[in-house]
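Undergrad: Following this message is one structure expressed as structure tokens.
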Amino acid sequence: MYCMLTGMGTKAHAERLTRSMQSTYQRPGNESRRRALISLCRLLWMALILTSPAYSQPTFDAAGEQRLLSLLNQERVKQGLAPLKLDERLTQSARKHTQLMAQNDSLSHQFDGEESLQLRVSDENVRCDRDGENIALDSSIEGAHVMLMQSPPHRANILNPQFNSIGIGILKSDELLYITEDFAHLLPDYSESEADAAVQQAISNYAKSLGVPPPARKPRAQLVHTACDMAREDTLHSKEIGEVSGVTSAVAWTATDLGKLPPNLKRLLAQPLSSGYSLGVCFAPSVTHPAGVYWLVMVIY
């Protein structure tokens, strides 16, 4: 007794096979045996469908991705630029897009229903303040690289000194290679406490550089919620916060580099802040910053 599925294992074929089995094994006393055989054949049909090309996972060219990374970094080193670091999260973003290009049999930076590059990168938990993308279709990695280097906008991405990381996705379809290069300037992955400490250190360092005593910080946990509220509302609240009792000044800003303070805050730090300050920091996305940015608020007493 056996069950044989042929071809691609279509549903119609499976149903015909099931009916055949039912008519063959509908004999008194064999009901449980008949049902067991039907269940077995259905499982075999599902296994065949899931291992067919339409359902199989694509095999990306990891060795080719490393080869392309080497070619990219050779170009950067020639120009005195730091080499790009391969980031697994960016690679996942690049591979997902490469797979879509192969499935659609066309080149595009964004297909219908696909998110923008900024959101695709953010979905992989990447924090960055700039990104870029090159795509190509060629019969060889070297050929694709030469073509991209000969195109001014693609060359600009490859040699952009502000990018420090990259993800690469290469997938072979027939005799052609679909290629995606996702570039980014990655930001430090600070925890909440690390981000808070980084801003506090930047404030102290700037005050010292002016010969002014670093201001004392006072705890005010509510400011973290205020900073996150600004992100949800996608607006800065310095005016409203400055009207709180006991507060003489307030500064609200967004930042990707926590070591850089806004000009209005620098002006306030140019004089001793004898009564101290409080600070709130929140990393969150918003309508105008869909990939996320640091929202900060500082009050001076």
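Order determines the names: the first chain of the structure tokens is A, the second B, and so forth; residues in each chain are numbered 1 upward, and ligands are numbered 1 upward as they are shown.
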Skipping near chain neighbours, those fewer than 3 positions away, what residues fall within 12 Å of Leu71 in chain A using only C-alpha atoms, listed as a list in words?

TA: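 That gives Gly64, Glu65, Gln66, Arg67, Leu68, Gln74, Glu75, Arg76, Val77, Lys78, Pro83, Leu84, Ile141, Glu142, Gly143, Ala144, His145, Val146, Leu148, Met149, Ile158 and Leu159 of chain A.
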
Undergrad: Report the residues of range 68-227 of chain A whose backbone DSSP state falls under helix (DSSP H, G or I), written as an MDAnalysis selection string.

TA: chainID A and resid 68:78 88:104 117:123 141:149 152:158 192:209 222:227

Undergrad: Quick one: which range 227-275 of chain A residues come within 8 Å of range 178-196 of chain A, and what is the nearest atom pair for each with the distance in Å to one decimal, counting only C-alpha atoms, rows ordered by chain and ascending number, as a Markdown table?

TA:
| residue | atom | partner | partner_atom | distance |
| --- | --- | --- | --- | --- |
| A:Thr256 | CA | A:Leu187 | CA | 7.3 |
| A:Asp257 | CA | A:Leu187 | CA | 7.6 |
| A:Leu258 | CA | A:Ala195 | CA | 7.4 |

Undergrad: Separation of CA of Ala252 in chain A and CA of Ile203 in chain A, in Å?

TA: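 Between CA of Ala252 in chain A and CA of Ile203 in chain A the gap works out to 14.1 Å.
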
Undergrad: Set the distance at 9 Å and use only C-alpha atoms: which residues neighbour range 265-282 of chain A once local chain neighbours fewer than 5 positions away are removed? I'd like the list as a PyMOL selection string.

TA: chain A and resi 192+195-196+199-200+203+206-207+210-228+231+247+249-251+293-301

Undergrad: Rounded to one decimal place, report the CA of Gly80 in chain A-CA of Ile170 in chain A distance in Å.

TA: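 A separation of 27.0 Å between them.
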
Undergrad: Need the shell around range 111-120 of chain A: protein/DNA/RNA residues with any atom at most 9 Å away, counting only C-alpha atoms. Skip same-chain ones fewer than 6 positions apart. Format as JSON, numbers by chain?

TA: {"A": [93, 94, 97, 100, 101, 104, 130, 131, 132, 133, 182, 290, 291]}
